[in-house]
Amino acid sequence: MFMDGVHKVAKELVEDIDDANFSTTFKVIEGNLLKEYKEFKIVVKATPKSENTSLIHWTMEYEKLNEDIPEPFSLLKFVVHLSKDIDDHHTKK
């Protein structure tokens, strides 16, 4: 994927699957993000709203290597776009 005009790669490991809370935690173990962040995790949690719909929460947990590193707004923008694409796919008739 490209973020801010730079090709970004991240190798992730599924760190935890919590079936009771409908959540999955991914930990970045290799890639460009670790050049800026000491640790980076993404938690995806589904909250059922009805029989056929759920609300999805994305949480990014990270520690910057130093204060000059920017917040990961480009990744947040990517996740929003990805979520919209998934929603569009599932709501097509």
# chains A, B, ... in the order shown; residues from 1 in each chain; ligands from 1
>>> residues_around(residues="region 7-14 of chain A", least_positions_apart="4", cutoff="9 Å", atoms="only C-alpha atoms", output="list of chain:residue names")
A:Met1, A:Phe2, A:Met3, A:Thr24, A:Thr25, A:Phe26, A:Lys27, A:Val28, A:Ile29, A:Glu30, A:Gly31, A:Asn32, A:Leu33, A:Leu34, A:Lys41
>>> residues_around(residues="Ser83 (chain A)", least_positions_apart="5", cutoff="9 Å", atoms="only C-alpha atoms", output="list of chain:residue names")
A:Ile56, A:Phe78, A:Asp88
>>> closest_residue(among="A:Glu51, A:Asp19, A:Asp4, A:Glu39", to="Leu75 (chain A)", atoms="only C-alpha atoms")
A:Asp4
>>> select_by_dssp(residues="chain A", states="helix (DSSP H, G or I)", output="ChimeraX atom specification")
/A:32-35,73-91
